[in-house]
Structure formats: C-alpha cells, structure tokens
Amino acid sequence: MEITFLGTSAMVPTKERNLSSFILIYKGEGILFDCGEGTQRQLKITGIKPTKVTKIMISHWHGDHVLGLPGLIQTLGSAEYNDTLEIYGPEGTKQFIDMMFKASIFDNKIKIKVAEIKKDGVFLQNKDYSIEAFKLDHKVPTIGFNFLEKDRRRIRVNKVKKIGIPDGPLLGKLQKGQEITFKNKKITPEEVTNLIEGKKISFIADTVPCKNCIKYAKEADLLICESTYSSELEDKGTDYMHLTAKQAATIANESGAKKLVLTHFSARYKSQHELEEDAREIFDNVNSATDFMKMRL
Ligand SMILES: [Zn+2]
Ligand SMILES: [Zn+2]
C-alpha cells in the first residue's frame, strides 16, 4: 500500500502546501482522507487519476478539509466513473453534502453513497481490510480513522511442493487459515504458510489531546497526526482546539505507535523542521509531511 500526501497545510494554503488531504492506494483502490480545496489538482500533479478514488473519509466539515469535494465530484461526473463513490463522515455529513450539491450546478451526476458515523468502531469491512472511526475533541463533530489491513497467510512454496499439494482450492483453504486433509493426512495452515500481520494506519485529524487518540492509535504502524503548532503556541492550540507537535509526539509515545508523521501545519511555519524538532524531544521516529511525499508500507 502507498500513501501520498496531497495537502499538509492548516486553514489556508501556502505556496508550498495545499490544504488537508492524503490518499491511500490499496490494491489499486484509492481511499481519500479529507479533501481540502485543490485536492483533485494535487492528485493530477502526483500522477494519480481522480477516478481511482472509490471512498472518501471526511474527518469534519471545516472548510480546509472539505472544500475540494464539489470540484472532485464534478470531475468524476465528466469522466468515465462507473463506481459508486462512498463518502463517510461525522454526524451532519448528509446535510452538508445535500447543501453542497445545491450550491452550484452539477450536470453530470455520479452515484454517491453517504454514511454518517455516529459511534466509535469498525464501520466498513471487506476481505482485505476494515476501517474504523473514533471521536476526536475539536470545535465541531470530528472523527479520526484507522485503516486496518487484515492478517494474511503466505504459502511456503517449497513446503507445499514437497508434500505435493496441487494449486487450487486446497491451497486457498490453507491461505484462509483452515486445516485440510490431503492424502489422508491432516495439514494445518501453520505447517505450510507464514502469517503476515496486517498493517495499521491511524489518522488523527483536528483535535486536542483526548483519550481516544491514545486508545485508537494503539500500536499503529503509522500514525498520521495533525500538528498545527509548536509547543510555544500551546495556548493557541488549546483555544483553537488543535495539537502541538509535542502533543502529537506524546500521543505517538503513549499509544506505542511505531512511526509518526506530522501534518496540518499552521501557515506561519515556513519550514516544518521546527515542529519536527519539537516532536523529537518526545518521540524519535518522526517525520513531517510535505505535499506529494509518498510512503510505502
Ligand atoms: Zn483543519
Ligand atoms: Zn478543524
């Protein structure tokens, strides 16, 4: 899976940074997290076709996280987009989407399914992954998201060949973790497969430090966390209900996350290194995101 940051600025764009958004490409499917103004152009610049997007996760309805939605949806309407676009967001999302469609003329409509997430936990799952949401503490209803890849089993080819199990349904069963009988002998998945643990990616959007941050980012392989200010402006962070880099690092530390990537920076910071250093006092494995930065997991 690959993550591309499309916008890493908070509230207003800068010359270097667009507004909040990143895309996770998993087995060819694009899952977009937030969609700040100009997100579709950022996608094009980085070479990802907007039509790859099948699902959009909205953390909250502050403009810097959603104003790119109408433009992206209009573009999908003029392209050959045959999927149903799924949009998930906090309470109020349905009404906001309705109003958004009334604010301009949409000639080419695509099929859209909108769902409001009202409680913490898994709200979507398929054979490869699940996505869960958790409430954050911001000025308006706001949720964070976890992308949870499922564990899978990889066949140990040498072992399977030695026993003589042919390609086909028996191998499929073993891969699903089921025991099989081959030539009157029981074979367990542990004997002939390796378990590959699924990755966990946590996204903490606009918030002040809260219990859910630590609870839901627990042991994430990657924690993507807002970090609007450095510690010097902690009071401002409290007033506007945002995290400082150090607070983001504390969340990473207490949740046992393996890696932290900071994003959603106030436009006052010309270089994100000040924020990165602030975080590093608490948590070592930290990076600050830049627009178009890619990460493979
Ligand atoms: Zn924001
Ligand atoms: Zn906000």
# chains A, B, ... in the order shown; residues from 1 in each chain; ligands from 1

$ closest_atom_pairs --of "chain A" --to "ligand 1" --cutoff "9 Å" --atoms "only C-alpha atoms and all ligand atoms" --output "CSV"
residue,atom,partner,partner_atom_place_in_ligand_line,distance
A:Ser9,CA,ligand 1,1 (Zn),8.1
A:Ala10,CA,ligand 1,1 (Zn),5.1
A:Met11,CA,ligand 1,1 (Zn),5.6
A:Leu19,CA,ligand 1,1 (Zn),8.3
A:Ser20,CA,ligand 1,1 (Zn),7.0
A:His60,CA,ligand 1,1 (Zn),8.4
A:His62,CA,ligand 1,1 (Zn),6.4
A:Gly63,CA,ligand 1,1 (Zn),7.7
A:Asp64,CA,ligand 1,1 (Zn),5.4
A:His65,CA,ligand 1,1 (Zn),6.0
A:Ala205,CA,ligand 1,1 (Zn),7.4
A:Asp206,CA,ligand 1,1 (Zn),5.6
A:Glu226,CA,ligand 1,1 (Zn),8.2
A:Thr228,CA,ligand 1,1 (Zn),8.3
A:His242,CA,ligand 1,1 (Zn),8.4
A:His264,CA,ligand 1,1 (Zn),6.6
A:Phe265,CA,ligand 1,1 (Zn),8.9

$ write_last_selection --atoms "all heavy atoms" --output "CSV table (one decimal), in the first residue's frame"
chain,number,residue,atom,x,y,z
A,9,SER,N,-1.2,21.7,4.8
A,9,SER,CA,-1.4,23.0,5.5
A,9,SER,C,-2.7,23.0,6.2
A,9,SER,O,-3.6,22.3,5.9
A,9,SER,CB,-1.3,24.1,4.4
A,9,SER,OG,-1.3,25.4,5.1
A,10,ALA,N,-2.7,23.8,7.3
A,10,ALA,CA,-3.9,24.0,8.0
A,10,ALA,C,-4.6,25.4,7.7
A,10,ALA,O,-3.8,26.3,7.5
A,10,ALA,CB,-3.6,24.0,9.5
A,11,MET,N,-5.8,25.4,7.6
A,11,MET,CA,-6.7,26.6,7.5
A,11,MET,C,-6.5,27.3,6.1
A,11,MET,O,-7.5,27.6,5.4
A,11,MET,CB,-6.4,27.6,8.6
A,11,MET,CG,-7.0,27.0,9.9
A,11,MET,SD,-6.5,27.8,11.4
A,11,MET,CE,-4.8,27.1,11.7
A,19,LEU,N,-4.2,22.3,1.0
A,19,LEU,CA,-5.0,22.0,2.3
A,19,LEU,C,-5.1,20.5,2.4
A,19,LEU,O,-5.0,19.7,1.5
A,19,LEU,CB,-6.3,22.7,2.2
A,19,LEU,CG,-6.1,24.3,2.3
A,19,LEU,CD1,-7.3,25.0,1.8
A,19,LEU,CD2,-5.8,24.7,3.7
A,20,SER,N,-5.5,20.2,3.7
A,20,SER,CA,-5.6,18.8,4.1
A,20,SER,C,-6.1,17.7,3.2
A,20,SER,O,-7.2,17.8,2.8
A,20,SER,CB,-6.5,18.7,5.4
A,20,SER,OG,-5.7,19.0,6.5
A,60,HIS,N,-14.1,16.1,9.4
A,60,HIS,CA,-15.0,17.1,9.9
A,60,HIS,C,-15.2,18.1,8.8
A,60,HIS,O,-14.6,18.1,7.8
A,60,HIS,CB,-14.5,17.7,11.2
A,60,HIS,CG,-13.3,18.5,11.1
A,60,HIS,ND1,-12.1,18.0,10.6
A,60,HIS,CD2,-13.0,19.8,11.4
A,60,HIS,CE1,-11.2,18.9,10.7
A,60,HIS,NE2,-11.7,20.0,11.1
A,62,HIS,N,-15.0,21.4,8.6
A,62,HIS,CA,-14.2,22.7,8.5
A,62,HIS,C,-13.8,22.8,7.0
A,62,HIS,O,-13.3,21.8,6.5
A,62,HIS,CB,-13.1,22.8,9.4
A,62,HIS,CG,-13.4,23.3,10.8
A,62,HIS,ND1,-12.8,23.0,12.0
A,62,HIS,CD2,-14.5,24.1,11.2
A,62,HIS,CE1,-13.3,23.6,13.0
A,62,HIS,NE2,-14.4,24.3,12.6
A,63,GLY,N,-13.8,24.0,6.5
A,63,GLY,CA,-13.5,24.2,5.1
A,63,GLY,C,-12.2,23.7,4.6
A,63,GLY,O,-12.1,23.1,3.5
A,64,ASP,N,-11.2,23.8,5.4
A,64,ASP,CA,-9.9,23.3,5.0
A,64,ASP,C,-9.8,21.8,4.8
A,64,ASP,O,-8.8,21.3,4.2
A,64,ASP,CB,-8.7,23.8,5.9
A,64,ASP,CG,-8.9,23.4,7.4
A,64,ASP,OD1,-10.1,23.3,7.8
A,64,ASP,OD2,-7.9,23.2,8.1
A,65,HIS,N,-10.8,21.1,5.1
A,65,HIS,CA,-10.8,19.6,5.0
A,65,HIS,C,-11.8,19.1,3.9
A,65,HIS,O,-11.8,18.0,3.6
A,65,HIS,CB,-11.2,18.9,6.3
A,65,HIS,CG,-10.1,19.2,7.4
A,65,HIS,ND1,-9.2,18.3,7.8
A,65,HIS,CD2,-9.8,20.4,8.0
A,65,HIS,CE1,-8.4,18.8,8.7
A,65,HIS,NE2,-8.8,20.1,8.9
A,205,ALA,N,-7.1,13.6,13.1
A,205,ALA,CA,-7.4,14.9,12.5
A,205,ALA,C,-7.5,15.9,13.6
A,205,ALA,O,-7.1,15.6,14.7
A,205,ALA,CB,-8.6,14.8,11.6
A,206,ASP,N,-8.0,17.1,13.3
A,206,ASP,CA,-8.0,18.2,14.2
A,206,ASP,C,-8.6,17.8,15.6
A,206,ASP,O,-9.7,17.3,15.6
A,206,ASP,CB,-8.9,19.4,13.6
A,206,ASP,CG,-8.3,19.8,12.3
A,206,ASP,OD1,-7.4,19.2,11.7
A,206,ASP,OD2,-8.7,20.9,11.8
A,226,GLU,N,-2.3,15.4,13.1
A,226,GLU,CA,-2.3,16.9,13.0
A,226,GLU,C,-1.3,17.4,14.0
A,226,GLU,O,-1.1,16.9,15.1
A,226,GLU,CB,-3.7,17.4,13.2
A,226,GLU,CG,-4.1,17.7,14.6
A,226,GLU,CD,-4.3,19.2,14.9
A,226,GLU,OE1,-3.6,20.0,14.4
A,226,GLU,OE2,-5.3,19.4,15.7
A,228,THR,N,-0.7,21.4,14.4
A,228,THR,CA,-0.8,22.7,13.8
A,228,THR,C,0.3,23.7,14.4
A,228,THR,O,0.8,24.5,13.6
A,228,THR,CB,-2.2,23.3,14.2
A,228,THR,OG1,-3.2,22.3,13.8
A,228,THR,CG2,-2.5,24.6,13.5
A,242,HIS,N,-6.5,22.5,18.7
A,242,HIS,CA,-5.5,21.8,17.9
A,242,HIS,C,-4.4,21.3,18.7
A,242,HIS,O,-4.1,21.7,19.8
A,242,HIS,CB,-4.9,22.8,16.8
A,242,HIS,CG,-5.9,23.1,15.7
A,242,HIS,ND1,-6.3,22.1,14.8
A,242,HIS,CD2,-6.5,24.2,15.3
A,242,HIS,CE1,-7.1,22.6,13.9
A,242,HIS,NE2,-7.3,23.9,14.2
A,264,HIS,N,-0.8,19.0,8.7
A,264,HIS,CA,-1.7,20.1,9.1
A,264,HIS,C,-1.0,21.2,9.9
A,264,HIS,O,-1.3,21.4,11.0
A,264,HIS,CB,-2.9,19.4,9.9
A,264,HIS,CG,-4.1,20.3,10.1
A,264,HIS,ND1,-4.1,21.2,11.1
A,264,HIS,CD2,-5.2,20.4,9.4
A,264,HIS,CE1,-5.3,21.9,11.1
A,264,HIS,NE2,-6.0,21.4,10.1
A,265,PHE,N,0.0,21.8,9.2
A,265,PHE,CA,0.8,22.8,9.8
A,265,PHE,C,0.2,24.2,9.6
A,265,PHE,O,-0.2,24.6,8.5
A,265,PHE,CB,2.2,22.8,9.3
A,265,PHE,CG,2.8,21.4,9.3
A,265,PHE,CD1,3.2,20.8,8.1
A,265,PHE,CD2,3.0,20.8,10.5
A,265,PHE,CE1,3.8,19.5,8.1
A,265,PHE,CE2,3.6,19.5,10.5
A,265,PHE,CZ,4.0,18.9,9.3

$ select_by_dssp --residues "stretch 29-107 of chain A" --states "helix (DSSP H, G or I)" --output "PyMOL selection string"
chain A and resi 39-46+50-52+63-66+69-78+93-102

$ residues_around --residues "stretch 159-166 of chain A" --least-positions-apart "3" --cutoff "12 Å" --atoms "only C-alpha atoms" --output "PyMOL selection string"
chain A and resi 154-156+169-175+180-183+185-194

$ write_last_selection --atoms "N, CA and C atoms" --output "mmCIF file, in the first residue's frame"
data_model
loop_
_atom_site.group_PDB
_atom_site.id
_atom_site.type_symbol
_atom_site.label_atom_id
_atom_site.label_comp_id
_atom_site.auth_asym_id
_atom_site.auth_seq_id
_atom_site.Cartn_x
_atom_site.Cartn_y
_atom_site.Cartn_z
ATOM 1 N N ARG A 154 0.895 -16.403 3.756
ATOM 2 C CA ARG A 154 1.612 -16.628 2.506
ATOM 3 C C ARG A 154 2.041 -18.088 2.471
ATOM 4 N N ILE A 155 1.738 -18.743 1.347
ATOM 5 C CA ILE A 155 2.084 -20.160 1.179
ATOM 6 C C ILE A 155 3.606 -20.332 1.114
ATOM 7 N N ARG A 156 4.119 -21.291 1.850
ATOM 8 C CA ARG A 156 5.557 -21.613 1.736
ATOM 9 C C ARG A 156 5.702 -22.631 0.607
ATOM 10 N N PRO A 169 -8.167 -25.189 -4.778
ATOM 11 C CA PRO A 169 -8.963 -24.884 -3.577
ATOM 12 C C PRO A 169 -8.297 -25.279 -2.257
ATOM 13 N N LEU A 170 -7.486 -26.343 -2.269
ATOM 14 C CA LEU A 170 -6.845 -26.750 -1.014
ATOM 15 C C LEU A 170 -5.889 -25.666 -0.516
ATOM 16 N N LEU A 171 -5.122 -25.117 -1.444
ATOM 17 C CA LEU A 171 -4.202 -24.036 -1.065
ATOM 18 C C LEU A 171 -4.983 -22.810 -0.608
ATOM 19 N N GLY A 172 -6.116 -22.592 -1.286
ATOM 20 C CA GLY A 172 -6.982 -21.470 -0.907
ATOM 21 C C GLY A 172 -7.433 -21.591 0.534
ATOM 22 N N LYS A 173 -7.818 -22.819 0.915
ATOM 23 C CA LYS A 173 -8.270 -23.058 2.295
ATOM 24 C C LYS A 173 -7.148 -22.788 3.294
ATOM 25 N N LEU A 174 -5.969 -23.282 2.979
ATOM 26 C CA LEU A 174 -4.821 -23.073 3.874
ATOM 27 C C LEU A 174 -4.525 -21.581 4.036
ATOM 28 N N GLN A 175 -4.642 -20.872 2.907
ATOM 29 C CA GLN A 175 -4.382 -19.428 2.937
ATOM 30 C C GLN A 175 -5.401 -18.703 3.812
ATOM 31 N N ILE A 180 -6.630 -28.649 6.265
ATOM 32 C CA ILE A 180 -7.114 -29.501 5.168
ATOM 33 C C ILE A 180 -6.683 -30.963 5.403
ATOM 34 N N THR A 181 -7.319 -31.857 4.652
ATOM 35 C CA THR A 181 -6.861 -33.245 4.666
ATOM 36 C C THR A 181 -6.361 -33.564 3.260
ATOM 37 N N PHE A 182 -5.100 -34.005 3.179
ATOM 38 C CA PHE A 182 -4.501 -34.331 1.884
ATOM 39 C C PHE A 182 -3.846 -35.710 1.983
ATOM 40 N N LYS A 183 -4.241 -36.591 1.107
ATOM 41 C CA LYS A 183 -3.754 -37.977 1.144
ATOM 42 C C LYS A 183 -3.895 -38.566 2.547
ATOM 43 N N LYS A 185 -3.979 -37.229 5.312
ATOM 44 C CA LYS A 185 -3.187 -36.618 6.384
ATOM 45 C C LYS A 185 -3.690 -35.199 6.635
ATOM 46 N N LYS A 186 -3.803 -34.888 7.913
ATOM 47 C CA LYS A 186 -4.236 -33.519 8.254
ATOM 48 C C LYS A 186 -3.057 -32.558 8.096
ATOM 49 N N ILE A 187 -3.331 -31.437 7.441
ATOM 50 C CA ILE A 187 -2.282 -30.412 7.307
ATOM 51 C C ILE A 187 -2.831 -29.089 7.844
ATOM 52 N N THR A 188 -2.117 -28.526 8.796
ATOM 53 C CA THR A 188 -2.585 -27.254 9.378
ATOM 54 C C THR A 188 -1.947 -26.087 8.615
ATOM 55 N N PRO A 189 -2.643 -24.948 8.611
ATOM 56 C CA PRO A 189 -2.074 -23.775 7.913
ATOM 57 C C PRO A 189 -0.711 -23.373 8.485
ATOM 58 N N GLU A 190 -0.509 -23.607 9.787
ATOM 59 C CA GLU A 190 0.773 -23.228 10.405
ATOM 60 C C GLU A 190 1.943 -23.985 9.784
ATOM 61 N N GLU A 191 1.661 -25.242 9.331
ATOM 62 C CA GLU A 191 2.753 -26.057 8.773
ATOM 63 C C GLU A 191 3.272 -25.529 7.436
ATOM 64 N N VAL A 192 2.362 -24.988 6.642
ATOM 65 C CA VAL A 192 2.762 -24.688 5.255
ATOM 66 C C VAL A 192 2.582 -23.222 4.842
ATOM 67 N N THR A 193 2.245 -22.366 5.801
ATOM 68 C CA THR A 193 2.122 -20.939 5.457
ATOM 69 C C THR A 193 2.818 -20.083 6.513
ATOM 70 N N ASN A 194 3.153 -18.860 6.117
ATOM 71 C CA ASN A 194 3.661 -17.872 7.085
ATOM 72 C C ASN A 194 2.578 -16.827 7.304
#

$ closest_residue --among "A:Cys225, A:Glu37, A:Ile58, A:Ser78" --to "A:Lys94" --atoms "only C-alpha atoms"
A:Ile58

$ atom_distance --atom1 "atom CA of A:Ala257" --atom2 "atom CA of A:Leu222"
6.6 Å

$ closest_residue --among "A:Thr14, A:Ser230, A:Ser266, A:Thr39" --to "ligand 2" --atoms "only C-alpha atoms and all ligand atoms"
A:Ser266

$ residues_around --residues "A:Met57" --least-positions-apart "4" --cutoff "6 Å" --atoms "only C-alpha atoms" --output "list in words"
Phe33, Asp34, Tyr88 and Gly89 of chain A

$ closest_residue --among "A:Leu262, A:Leu124, A:Cys213, A:Ser271" --to "A:Met293" --atoms "only C-alpha atoms"
A:Leu262

$ atom_distance --atom1 "atom CA of A:Phe22" --atom2 "atom CA of A:Val261"
12.0 Å

$ atom_distance --atom1 "atom CA of A:Phe101" --atom2 "atom CA of A:Thr51"
19.3 Å

$ residues_around --residues "A:Lys55" --least-positions-apart "3" --cutoff "9 Å" --atoms "only C-alpha atoms" --output "PDB file with N, CA, C and O atoms, in the first residue's frame"
ATOM      1  N   GLU A  29      -7.039   0.488  -5.338  1.00  0.00           N
ATOM      2  CA  GLU A  29      -8.191   1.298  -4.938  1.00  0.00           C
ATOM      3  C   GLU A  29      -7.704   2.537  -4.179  1.00  0.00           C
ATOM      4  O   GLU A  29      -6.814   2.437  -3.337  1.00  0.00           O
ATOM      5  N   GLY A  30      -8.302   3.679  -4.459  1.00  0.00           N
ATOM      6  CA  GLY A  30      -7.888   4.916  -3.798  1.00  0.00           C
ATOM      7  C   GLY A  30      -8.847   5.317  -2.689  1.00  0.00           C
ATOM      8  O   GLY A  30     -10.031   5.523  -2.921  1.00  0.00           O
ATOM      9  N   ILE A  31      -8.330   5.405  -1.468  1.00  0.00           N
ATOM     10  CA  ILE A  31      -9.151   5.870  -0.348  1.00  0.00           C
ATOM     11  C   ILE A  31      -8.609   7.223   0.066  1.00  0.00           C
ATOM     12  O   ILE A  31      -7.452   7.343   0.478  1.00  0.00           O
ATOM     13  N   LEU A  32      -9.448   8.238  -0.094  1.00  0.00           N
ATOM     14  CA  LEU A  32      -9.023   9.607   0.163  1.00  0.00           C
ATOM     15  C   LEU A  32      -9.425   9.999   1.582  1.00  0.00           C
ATOM     16  O   LEU A  32     -10.557   9.759   1.997  1.00  0.00           O
ATOM     17  N   PHE A  33      -8.491  10.576   2.320  1.00  0.00           N
ATOM     18  CA  PHE A  33      -8.786  11.049   3.674  1.00  0.00           C
ATOM     19  C   PHE A  33      -8.776  12.576   3.647  1.00  0.00           C
ATOM     20  O   PHE A  33      -7.752  13.193   3.422  1.00  0.00           O
ATOM     21  N   THR A  84     -19.680   3.501  -7.468  1.00  0.00           N
ATOM     22  CA  THR A  84     -20.458   4.355  -6.577  1.00  0.00           C
ATOM     23  C   THR A  84     -19.460   4.953  -5.593  1.00  0.00           C
ATOM     24  O   THR A  84     -18.762   4.220  -4.900  1.00  0.00           O
ATOM     25  N   LEU A  85     -19.386   6.278  -5.583  1.00  0.00           N
ATOM     26  CA  LEU A  85     -18.454   6.935  -4.664  1.00  0.00           C
ATOM     27  C   LEU A  85     -19.031   6.868  -3.255  1.00  0.00           C
ATOM     28  O   LEU A  85     -20.166   7.262  -3.014  1.00  0.00           O
ATOM     29  N   GLU A  86     -18.237   6.324  -2.326  1.00  0.00           N
ATOM     30  CA  GLU A  86     -18.709   6.236  -0.943  1.00  0.00           C
ATOM     31  C   GLU A  86     -18.068   7.364  -0.127  1.00  0.00           C
ATOM     32  O   GLU A  86     -16.856   7.543  -0.177  1.00  0.00           O
ATOM     33  N   ILE A  87     -18.909   8.103   0.570  1.00  0.00           N
ATOM     34  CA  ILE A  87     -18.398   9.183   1.418  1.00  0.00           C
ATOM     35  C   ILE A  87     -18.815   8.913   2.860  1.00  0.00           C
ATOM     36  O   ILE A  87     -19.996   8.697   3.141  1.00  0.00           O
ATOM     37  N   TYR A  88     -17.833   8.886   3.756  1.00  0.00           N
ATOM     38  CA  TYR A  88     -18.100   8.645   5.177  1.00  0.00           C
ATOM     39  C   TYR A  88     -17.641   9.866   5.961  1.00  0.00           C
ATOM     40  O   TYR A  88     -16.557  10.395   5.709  1.00  0.00           O
TER      41      TYR A  88
END

$ select_by_dssp --residues "stretch 154-290 of chain A" --states "strand (DSSP E or B)" --output "JSON, numbers by chain"
{"A": [154, 155, 180, 181, 182, 185, 186, 187, 193, 194, 195, 196, 200, 201, 202, 203, 204, 222, 223, 224, 225, 226, 229, 244, 260, 261, 262, 263, 265, 286, 287, 288]}

$ write_last_selection --atoms "N, CA, C and O atoms" --output "compact mmCIF listing (two decimals), in the first residue's frame"
# COMPACT_ATOMS: atom_id res chain seq x y z
N ARG A 154 0.89 -16.40 3.76
CA ARG A 154 1.61 -16.63 2.51
C ARG A 154 2.04 -18.09 2.47
O ARG A 154 2.65 -18.60 3.41
N ILE A 155 1.74 -18.74 1.35
CA ILE A 155 2.08 -20.16 1.18
C ILE A 155 3.61 -20.33 1.11
O ILE A 155 4.30 -19.57 0.42
N ILE A 180 -6.63 -28.65 6.27
CA ILE A 180 -7.11 -29.50 5.17
C ILE A 180 -6.68 -30.96 5.40
O ILE A 180 -5.82 -31.24 6.25
N THR A 181 -7.32 -31.86 4.65
CA THR A 181 -6.86 -33.25 4.67
C THR A 181 -6.36 -33.56 3.26
O THR A 181 -7.05 -33.35 2.27
N PHE A 182 -5.10 -34.00 3.18
CA PHE A 182 -4.50 -34.33 1.88
C PHE A 182 -3.85 -35.71 1.98
O PHE A 182 -3.03 -35.95 2.88
N LYS A 185 -3.98 -37.23 5.31
CA LYS A 185 -3.19 -36.62 6.38
C LYS A 185 -3.69 -35.20 6.64
O LYS A 185 -3.98 -34.45 5.69
N LYS A 186 -3.80 -34.89 7.91
CA LYS A 186 -4.24 -33.52 8.25
C LYS A 186 -3.06 -32.56 8.10
O LYS A 186 -1.95 -32.84 8.56
N ILE A 187 -3.33 -31.44 7.44
CA ILE A 187 -2.28 -30.41 7.31
C ILE A 187 -2.83 -29.09 7.84
O ILE A 187 -3.89 -28.62 7.41
N THR A 193 2.25 -22.37 5.80
CA THR A 193 2.12 -20.94 5.46
C THR A 193 2.82 -20.08 6.51
O THR A 193 3.04 -20.51 7.64
N ASN A 194 3.15 -18.86 6.12
CA ASN A 194 3.66 -17.87 7.09
C ASN A 194 2.58 -16.83 7.30
O ASN A 194 1.94 -16.38 6.34
N LEU A 195 2.40 -16.44 8.55
CA LEU A 195 1.40 -15.41 8.85
C LEU A 195 2.04 -14.04 8.66
O LEU A 195 3.10 -13.75 9.21
N ILE A 196 1.38 -13.21 7.85
CA ILE A 196 1.87 -11.84 7.66
C ILE A 196 0.88 -10.90 8.33
O ILE A 196 -0.29 -10.85 7.94
N LYS A 200 -1.46 -1.35 10.36
CA LYS A 200 -2.46 -0.44 10.91
C LYS A 200 -2.00 1.00 10.67
O LYS A 200 -0.89 1.37 11.05
N ILE A 201 -2.88 1.77 10.04
CA ILE A 201 -2.58 3.18 9.83
C ILE A 201 -3.62 4.01 10.56
O ILE A 201 -4.82 3.83 10.35
N SER A 202 -3.17 4.88 11.44
CA SER A 202 -4.09 5.73 12.20
C SER A 202 -3.99 7.16 11.71
O SER A 202 -2.89 7.65 11.44
N PHE A 203 -5.14 7.80 11.61
CA PHE A 203 -5.18 9.20 11.19
C PHE A 203 -5.92 10.00 12.26
O PHE A 203 -7.10 9.80 12.49
N ILE A 204 -5.18 10.87 12.92
CA ILE A 204 -5.79 11.76 13.92
C ILE A 204 -5.88 13.15 13.31
O ILE A 204 -4.87 13.81 13.06
N LEU A 222 1.79 3.17 11.49
CA LEU A 222 2.00 4.56 11.08
C LEU A 222 0.88 5.41 11.67
O LEU A 222 -0.30 5.10 11.50
N LEU A 223 1.28 6.46 12.37
CA LEU A 223 0.30 7.42 12.89
C LEU A 223 0.48 8.74 12.15
O LEU A 223 1.56 9.34 12.21
N ILE A 224 -0.56 9.14 11.43
CA ILE A 224 -0.55 10.43 10.75
C ILE A 224 -1.35 11.38 11.65
O ILE A 224 -2.52 11.11 11.92
N CYS A 225 -0.71 12.42 12.13
CA CYS A 225 -1.36 13.22 13.17
C CYS A 225 -1.24 14.71 12.88
O CYS A 225 -0.19 15.19 12.47
N GLU A 226 -2.33 15.40 13.12
CA GLU A 226 -2.30 16.86 12.97
C GLU A 226 -1.31 17.45 13.97
O GLU A 226 -1.10 16.91 15.06
N TYR A 229 0.60 23.53 15.63
CA TYR A 229 1.53 24.49 16.24
C TYR A 229 2.74 23.78 16.87
O TYR A 229 2.71 22.57 17.10
N THR A 244 -0.27 20.52 19.40
CA THR A 244 1.09 20.95 19.09
C THR A 244 1.87 19.70 18.66
O THR A 244 1.42 18.57 18.90
N LEU A 260 5.60 8.14 13.42
CA LEU A 260 4.71 9.30 13.46
C LEU A 260 5.02 10.21 12.28
O LEU A 260 6.18 10.52 12.03
N VAL A 261 3.98 10.61 11.56
CA VAL A 261 4.15 11.63 10.53
C VAL A 261 3.24 12.81 10.87
O VAL A 261 2.04 12.65 11.06
N LEU A 262 3.86 13.97 11.00
CA LEU A 262 3.10 15.18 11.35
C LEU A 262 2.56 15.82 10.07
O LEU A 262 3.21 15.79 9.02
N THR A 263 1.38 16.43 10.19
CA THR A 263 0.80 17.15 9.06
C THR A 263 -0.11 18.26 9.59
O THR A 263 -0.19 18.46 10.79
N PHE A 265 -0.05 21.82 9.17
CA PHE A 265 0.78 22.83 9.82
C PHE A 265 0.20 24.23 9.61
O PHE A 265 -0.23 24.55 8.50
N VAL A 286 10.01 10.23 13.96
CA VAL A 286 9.02 11.21 13.47
C VAL A 286 9.52 11.90 12.21
O VAL A 286 10.71 12.15 12.04
N ASN A 287 8.57 12.18 11.34
CA ASN A 287 8.81 12.91 10.09
C ASN A 287 7.73 13.95 9.95
O ASN A 287 6.64 13.76 10.47
N SER A 288 8.01 15.00 9.22
CA SER A 288 6.92 15.92 8.91
C SER A 288 6.60 15.78 7.43
O SER A 288 7.50 15.68 6.59

$ closest_residue --among "A:Phe96, A:Leu243, A:Gly177, A:Lys199" --to "A:Ser130" --atoms "only C-alpha atoms"
A:Lys199

$ residues_around --residues "A:Lys109" --least-positions-apart "4" --cutoff "10 Å" --atoms "only C-alpha atoms" --output "number ranges by chain"
A: 73-78, 81, 101
